[in-house]
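Structure data (compact mmCIF, C-alpha atoms) from work-v3.txt:
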```txt
# COMPACT_ATOMS: atom_id res chain seq x y z
CA MET A 1 -45.61 -6.50 3.19
CA ARG A 2 -48.42 -8.37 4.92
CA ALA A 3 -49.71 -7.21 8.26
CA GLY A 4 -47.32 -8.17 11.03
CA GLU A 5 -44.62 -9.31 8.61
CA ASP A 6 -41.06 -8.40 9.55
CA SER A 7 -39.62 -6.05 6.93
CA PHE A 8 -35.96 -6.44 7.85
CA GLY A 9 -35.20 -9.02 5.15
CA GLN A 10 -36.70 -6.90 2.37
CA ALA A 11 -35.08 -3.74 3.69
CA PHE A 12 -31.67 -5.41 3.87
CA LYS A 13 -31.89 -6.93 0.40
CA HIS A 14 -32.93 -3.79 -1.41
CA SER A 15 -30.58 -1.57 0.60
CA LEU A 16 -27.72 -3.84 -0.37
CA ILE A 17 -28.71 -3.64 -4.05
CA SER A 18 -28.88 0.15 -3.84
CA CYS A 19 -25.58 0.36 -1.97
CA CYS A 20 -23.73 -1.70 -4.57
CA LEU A 21 -25.44 -0.67 -7.82
CA GLY A 22 -27.22 2.59 -7.17
CA TRP A 23 -24.30 4.99 -7.54
CA TRP A 24 -23.84 4.83 -11.28
CA GLY A 25 -26.13 7.59 -12.41
CA ILE A 26 -27.32 11.14 -11.77
CA PRO A 27 -28.33 11.78 -9.04
CA GLY A 28 -27.47 8.22 -7.97
CA PRO A 29 -25.54 9.04 -4.77
CA VAL A 30 -28.38 11.22 -3.44
CA TRP A 31 -30.96 8.53 -4.08
CA VAL A 32 -28.83 5.80 -2.52
CA ILE A 33 -28.45 7.60 0.81
CA SER A 34 -32.12 8.63 0.94
CA THR A 35 -33.29 5.14 -0.03
CA ILE A 36 -31.19 3.43 2.61
CA ARG A 37 -32.44 5.85 5.28
CA GLN A 38 -36.03 5.25 4.23
CA ASN A 39 -35.60 1.47 4.23
CA ALA A 40 -34.08 1.60 7.71
CA ARG A 41 -37.10 3.58 8.94
CA GLY A 42 -39.46 0.87 7.77
CA GLY A 43 -39.84 1.69 4.11
CA GLN A 44 -42.55 3.67 2.34
CA ASP A 45 -46.23 3.19 3.17
CA ALA A 46 -47.82 2.47 -0.22
CA THR A 47 -51.08 1.03 1.15
CA LEU A 48 -53.34 3.82 -0.19
CA GLU A 49 -51.84 3.74 -3.69
CA THR A 50 -51.99 -0.06 -3.86
CA LEU A 51 -55.63 -0.29 -2.66
CA THR A 52 -56.71 2.54 -4.96
CA ARG A 53 -55.54 0.54 -7.97
CA GLN A 54 -57.39 -2.55 -6.70
CA VAL A 55 -60.70 -1.28 -5.25
CA GLY A 56 -60.94 2.42 -6.12
CA HIS A 57 -60.17 5.56 -4.18
CA ALA A 58 -63.29 5.71 -1.99
CA ARG A 59 -62.98 2.19 -0.58
CA ALA A 60 -59.21 2.54 -0.30
CA ALA A 61 -59.54 5.77 1.70
CA ALA A 62 -62.08 4.17 4.00
CA ALA A 63 -59.85 1.17 4.59
CA CYS A 64 -56.81 3.35 5.25
CA ALA A 65 -58.79 5.41 7.77
CA GLN A 66 -58.98 2.24 9.90
CA HIS A 67 -55.36 1.30 9.19
CA GLN A 68 -53.18 1.25 12.25
CA THR A 69 -49.92 3.18 12.21
CA SER A 70 -46.92 0.98 11.70
CA ALA A 71 -44.76 0.25 14.72
CA PRO A 72 -41.55 2.32 14.96
CA PRO A 73 -38.47 0.68 13.46
CA SER A 74 -36.76 -1.81 15.73
CA GLY A 75 -33.17 -1.61 16.90
CA LEU A 76 -32.26 -4.11 14.20
CA MET A 77 -33.65 -1.81 11.52
CA ARG A 78 -31.82 1.18 12.94
CA ALA A 79 -28.63 -0.89 12.97
CA LEU A 80 -29.30 -1.69 9.32
CA GLY A 81 -29.45 2.00 8.55
CA LEU A 82 -26.17 2.68 10.28
CA MET A 83 -24.50 -0.33 8.65
CA MET A 84 -25.64 0.53 5.15
CA THR A 85 -24.78 4.19 5.52
CA GLY A 86 -21.30 3.23 6.74
CA LEU A 87 -20.91 0.82 3.85
CA SER A 88 -21.98 3.50 1.39
CA LEU A 89 -19.51 6.01 2.78
CA ALA A 90 -16.73 3.40 2.74
CA LEU A 91 -17.49 2.65 -0.90
CA TRP A 92 -17.36 6.33 -1.80
CA LEU A 93 -14.12 6.84 0.10
CA SER A 94 -12.62 3.80 -1.64
CA ILE A 95 -13.59 5.13 -5.06
CA GLY A 96 -12.17 8.54 -4.18
CA TRP A 97 -8.91 7.01 -2.98
CA LEU A 98 -8.68 4.88 -6.12
CA VAL A 99 -9.10 7.93 -8.35
CA TRP A 100 -6.51 9.85 -6.33
CA ALA A 101 -4.06 6.93 -6.33
CA VAL A 102 -4.29 6.52 -10.10
CA ALA A 103 -3.84 10.27 -10.62
CA GLN A 104 -0.78 10.30 -8.35
CA GLY A 105 0.73 7.22 -9.98
CA HIS A 106 0.42 4.98 -6.91
CA ILE A 107 -1.60 2.42 -8.89
CA GLY A 108 -0.90 1.27 -12.40
CA GLU A 109 2.03 2.81 -14.22
CA PRO A 110 4.15 5.25 -12.20
CA ALA A 111 3.66 8.94 -12.89
CA ARG A 112 5.76 10.16 -15.78
CA GLY A 113 8.52 12.68 -15.23
CA PRO A 114 11.89 13.84 -16.56
CA GLY A 115 13.88 10.90 -17.87
CA THR A 116 10.84 8.67 -18.45
CA ALA A 117 11.16 8.62 -22.24
CA GLU A 118 14.89 7.87 -22.09
CA PHE A 119 14.29 5.08 -19.58
CA GLU A 120 11.54 3.53 -21.68
CA LEU A 121 13.81 3.46 -24.71
CA ALA A 122 16.55 1.67 -22.76
CA ASP A 123 14.09 -0.68 -21.08
CA ARG A 124 12.56 -1.59 -24.42
CA ARG A 125 15.97 -2.65 -25.66
CA VAL A 126 16.44 -4.88 -22.60
CA THR A 127 12.96 -6.36 -23.00
CA GLU A 128 13.27 -7.10 -26.71
CA ALA A 129 16.91 -8.25 -26.74
CA GLN A 130 17.87 -11.89 -26.91
CA GLU A 131 19.16 -13.49 -23.74
CA GLY A 132 22.79 -12.74 -23.07
CA ASN A 133 23.00 -9.54 -25.13
CA MET A 134 25.18 -6.69 -23.89
CA LEU A 135 23.60 -3.34 -24.64
CA GLY A 136 24.74 0.26 -24.52
CA GLY A 137 25.06 3.41 -26.56
CA THR A 138 28.87 3.45 -26.78
CA LEU A 139 31.70 0.96 -26.76
CA LYS A 140 32.50 1.98 -23.18
CA ASP A 141 28.90 1.26 -22.18
CA ILE A 142 29.02 -2.20 -23.75
CA GLU A 143 32.37 -3.01 -22.13
CA LEU A 144 30.95 -2.07 -18.72
CA ALA A 145 27.82 -4.14 -19.40
CA TYR A 146 29.98 -7.15 -20.31
CA SER A 147 32.23 -6.75 -17.26
CA PHE A 148 29.19 -6.40 -15.00
CA ALA A 149 27.49 -9.50 -16.46
CA GLN A 150 30.67 -11.56 -16.11
CA THR A 151 31.18 -10.53 -12.47
CA PHE A 152 27.52 -11.00 -11.60
CA GLY A 153 27.49 -14.40 -13.33
CA ASP A 154 30.49 -15.62 -11.34
CA ALA A 155 28.93 -14.46 -8.06
CA TYR A 156 25.61 -16.02 -9.03
CA LEU A 157 27.21 -19.40 -9.84
CA ALA A 158 29.07 -19.46 -6.54
CA GLU A 159 25.85 -18.74 -4.67
CA ALA A 160 23.81 -21.25 -6.71
CA ARG A 161 26.30 -24.07 -6.16
CA ALA A 162 26.46 -23.38 -2.44
CA ARG A 163 22.69 -23.01 -2.16
CA PRO A 164 20.83 -24.90 -4.93
CA GLU A 165 17.53 -23.25 -3.98
CA ALA A 166 19.01 -19.93 -5.17
CA ALA A 167 19.57 -21.21 -8.73
CA VAL A 168 16.78 -19.36 -10.51
CA ALA A 169 18.73 -19.23 -13.80
CA GLY A 170 20.40 -22.65 -13.70
CA THR A 171 23.88 -23.64 -12.56
CA ASN A 172 25.69 -24.14 -15.85
CA ALA A 173 26.02 -20.86 -17.71
CA PRO A 174 23.53 -18.23 -16.52
CA VAL A 175 22.55 -15.83 -19.28
CA PHE A 176 21.86 -12.26 -18.21
CA THR A 177 20.76 -9.55 -20.61
CA THR A 178 22.58 -6.41 -19.52
CA PHE A 179 22.36 -2.73 -20.39
CA CYS A 180 24.71 0.06 -19.31
CA GLU A 181 24.60 3.80 -19.84
CA VAL A 182 27.37 6.11 -18.63
CA HIS A 183 26.91 9.82 -17.98
CA GLN A 184 29.47 12.29 -16.69
CA ASP A 185 28.23 12.05 -13.11
CA ARG A 186 26.34 8.75 -13.02
CA VAL A 187 26.03 5.28 -14.49
CA ILE A 188 22.99 3.04 -14.89
CA PHE A 189 22.93 -0.76 -15.11
CA LEU A 190 19.85 -2.75 -16.12
CA VAL A 191 19.89 -6.54 -15.90
CA ARG A 192 17.26 -9.09 -16.89
CA VAL A 193 17.49 -12.31 -14.86
CA PRO A 194 15.63 -15.31 -16.32
CA GLY A 195 13.41 -17.13 -13.83
CA LEU A 196 13.64 -14.32 -11.27
CA GLN A 197 9.87 -14.15 -10.80
CA LYS A 198 9.85 -17.73 -9.45
CA ALA A 199 12.32 -17.02 -6.63
CA SER A 200 11.39 -16.11 -3.07
CA ALA A 201 11.70 -12.54 -1.84
CA ALA A 202 14.80 -13.39 0.20
CA ILE A 203 16.59 -14.93 -2.78
CA ARG A 204 15.66 -12.01 -5.02
CA ARG A 205 17.16 -9.59 -2.50
CA GLN A 206 20.36 -11.64 -2.30
CA LEU A 207 20.66 -11.68 -6.10
CA ALA A 208 20.17 -7.92 -6.17
CA ASP A 209 22.92 -7.54 -3.56
CA ARG A 210 25.27 -9.63 -5.71
CA ALA A 211 24.40 -7.52 -8.71
CA TRP A 212 25.05 -4.32 -6.76
CA ASN A 213 28.48 -5.61 -5.80
CA ALA A 214 29.11 -6.40 -9.47
CA THR A 215 28.55 -2.76 -10.43
CA SER A 216 31.51 -1.60 -8.31
CA VAL A 217 33.73 -4.44 -9.49
CA ALA A 218 32.95 -3.69 -13.14
CA LEU A 219 33.55 0.03 -12.71
CA THR A 220 36.87 -0.67 -10.99
CA LYS A 221 38.01 -3.16 -13.66
CA GLN A 222 37.17 -0.77 -16.47
CA ARG A 223 38.66 2.19 -14.59
CA ALA A 224 35.39 4.05 -14.95
CA GLY A 225 34.61 4.57 -11.28
CA PHE A 226 35.52 7.64 -9.25
CA THR A 227 34.59 9.09 -5.86
CA GLY A 228 31.08 10.56 -5.92
CA LEU A 229 29.93 8.66 -9.00
CA ARG A 230 26.21 7.96 -8.69
CA VAL A 231 25.18 4.39 -9.52
CA ALA A 232 21.73 2.98 -10.26
CA LEU A 233 20.87 -0.68 -10.80
CA GLY A 234 17.56 -2.05 -12.06
CA VAL A 235 16.97 -5.80 -11.65
CA ARG A 236 14.07 -7.24 -13.58
CA SER A 237 12.54 -10.50 -14.72
CA ALA A 238 11.22 -11.08 -18.21
CA GLY A 239 7.95 -9.38 -17.35
CA LYS A 240 8.56 -6.66 -14.77
CA TYR A 241 11.01 -4.88 -12.52
CA ASP A 242 11.73 -6.44 -9.16
CA GLN A 243 14.17 -4.06 -7.48
CA VAL A 244 15.98 -0.79 -8.04
CA LEU A 245 19.14 -0.05 -6.04
CA ALA A 246 20.85 3.34 -5.97
CA GLY A 247 23.90 4.79 -4.29
CA ARG A 248 27.54 5.72 -4.90
CA TYR A 249 30.52 3.92 -6.38
CA VAL A 250 32.77 2.28 -3.78
CA ARG A 251 36.22 1.13 -4.82
CA ASP A 252 36.95 -0.92 -1.68
CA PHE A 253 33.68 -2.81 -1.47
CA GLU A 254 32.97 -4.12 2.05
CA ILE A 255 29.98 -5.45 3.95
CA ASN A 256 29.72 -2.22 5.93
CA ASN A 257 30.67 0.00 3.02
CA THR A 258 28.72 -0.98 -0.08
CA GLY A 259 27.74 2.51 -1.21
CA LEU A 260 24.09 1.46 -1.33
CA LYS A 261 21.78 4.31 -0.32
CA SER A 262 18.31 3.13 -1.26
CA ARG A 263 16.42 0.02 -2.36
CA SER A 264 12.96 0.01 -3.91
CA GLU A 265 11.02 -3.17 -4.56
CA GLY A 266 8.08 -4.11 -6.74
CA PRO A 267 7.06 -3.34 -10.34
CA ARG A 268 6.66 0.37 -9.60
CA SER A 269 10.25 0.63 -8.42
CA LYS A 270 11.29 1.40 -11.99
CA ALA A 271 10.19 5.01 -11.42
CA LYS A 272 13.30 5.41 -9.25
CA LEU A 273 15.37 4.99 -12.41
CA TYR A 274 13.76 7.86 -14.31
CA PRO A 275 15.91 10.68 -12.83
CA PHE A 276 19.12 8.80 -13.69
CA PHE A 277 18.24 8.90 -17.38
CA VAL A 278 17.73 12.67 -17.53
CA PRO A 279 20.36 14.10 -19.93
CA LEU A 280 22.89 16.31 -18.16
CA GLU A 281 21.93 19.45 -20.11
CA GLN A 282 18.27 18.92 -19.24
CA LEU A 283 19.21 18.26 -15.62
CA GLU A 284 21.15 21.54 -15.45
CA SER A 285 18.16 23.32 -16.95
CA LEU A 286 15.87 21.81 -14.32
CA ASN A 287 18.26 22.85 -11.55
CA ASP A 288 18.36 26.40 -12.94
```

Mind turning the file's structure into structure tokens?
Amino acid sequence: MRAGEDSFGQAFKHSLISCCLGWWGIPGPVWVISTIRQNARGGQDATLETLTRQVGHARAAAACAQHQTSAPPSGLMRALGLMMTGLSLALWLSIGWLVWAVAQGHIGEPARGPGTAEFELADRRVTEAQEGNMLGGTLKDIELAYSFAQTFGDAYLAEARARPEAAVAGTNAPVFTTFCEVHQDRVIFLVRVPGLQKASAAIRRQLADRAWNATSVALTKQRAGFTGLRVALGVRSAGKYDQVLAGRYVRDFEINNTGLKSRSEGPRSKAKLYPFFVPLEQLESLND
């Protein structure tokens, strides 16, 4: 810096570089904080070292003896120190939160748990199946999947013809890939809706509601529903899950009595399906 030159620009530039790029090493964090503090206090006086290299130690020492002490840092420089320190702490907190969120399963894939492997096997079948396939492990499962798809398709067509903007899968013959798995105390439906990702949030919720209604109708038609039966429904597009609905079977389905207990939205909602896929013997072992 030349005599009388304002050092704020240099201090800001190099503090910003340190704040953004200085963490990635050992002991990077320590050096970043100390560097920013030093820059905010006016930087390091390197006059003696610089002059010694240019004119020798004796002349440099004599010149520095007449050198006036630098003025104390201005309010702007002190504000720089506070700003950069705050930015550094915010960056560290963000990194810490990111690590915690990934570890807890809040970012990326949901945390694995009981039923995850069974769910992934079923979901892989839905993902890889051709459009319109009815999937299940037993004949009863496939019959329920077919009945559900037929009921959901009829409800979808009625909605699409009344409201053309809701026709994400066309208005002729919508093709839904459907999976069903029946346990003693619960039943799971998975449905892949083509074009779902292009629909608005409101339309996606309405389609999920129609699909939830279709679960009760299918269970009633196939005489597979009974009081207390737990029901889970996963609605997905070709690429990801959109919603997961869970509740109880209701024979007399009404607006105020749908049996729906919970609704989760977004790609991570699929984690809500994991517990429904836990085999009964494993579930009893976990309860014990």

Selected residue, from A:Cys20, A:Val30, A:Ala79, A:Met1, that lies nearest to Gln44 of chain A when counting all atoms listed in the file |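 Smallest distance to Gln44 of chain A is found for A:Met1.
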
Tell me which protein, DNA and RNA residues are within 7 Å of segment 247-263 of chain A, counting only C-alpha atoms, leaving out same-chain ones fewer than 6 positions away, and put them as a PyMOL selection string.
-> chain A and resi 216+220+225-232

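Put simply, atom CA of Asn39 of chain A is 12.5 Å away from atom CA of Asp6 of chain A.
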
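Relative to atom CA of Leu207 of chain A, atom CA of Val175 of chain A is found at 13.9 Å.
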
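Note that atom CA of Arg124 of chain A and atom CA of Ala149 of chain A are 18.7 Å apart.
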
Listed atoms of segment 184-203 of chain A, axis-aligned box, 4 Å per side: centre and edge lengths to one decimal in Å, as lines of an AutoDock Vina configuration file?
```
center_x = 19.7
center_y = -2.7
center_z = -8.3
size_x = 27.6
size_y = 38.0
size_z = 25.1
```

Given only C-alpha atoms as the counted atoms, nearest of A:Ala246, A:Leu219, A:Cys64, A:Leu190 to Glu143 of chain A |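 Of all the options, A:Leu219 lies closest to Glu143 of chain A.
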
Please identify all polymer residues within 12 Å of Leu21 of chain A, counting only C-alpha atoms, omitting same-chain residues fewer than 5 positions from it, and present them as a list of chain:residue names.
->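 Those residues are A:His14, A:Ser15, A:Leu16, A:Gly28, A:Pro29, A:Trp31, A:Val32, A:Ser88, A:Leu91.
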
Which residue, A:Ala46, A:Val193, A:Val187, A:Leu51, has the smallest gap to Glu131 of chain A when you use only C-alpha atoms?
->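 Going through A:Ala46, A:Val193, A:Val187, A:Leu51 one by one, the smallest distance to Glu131 of chain A is for A:Val193.
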
Among the residues A:Phe12, A:Thr116, A:His57, A:Ala145, the one that comes closest to Thr85 of chain A [using only C-alpha atoms] =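 Closest residue, counting only C-alpha atoms: A:Phe12.
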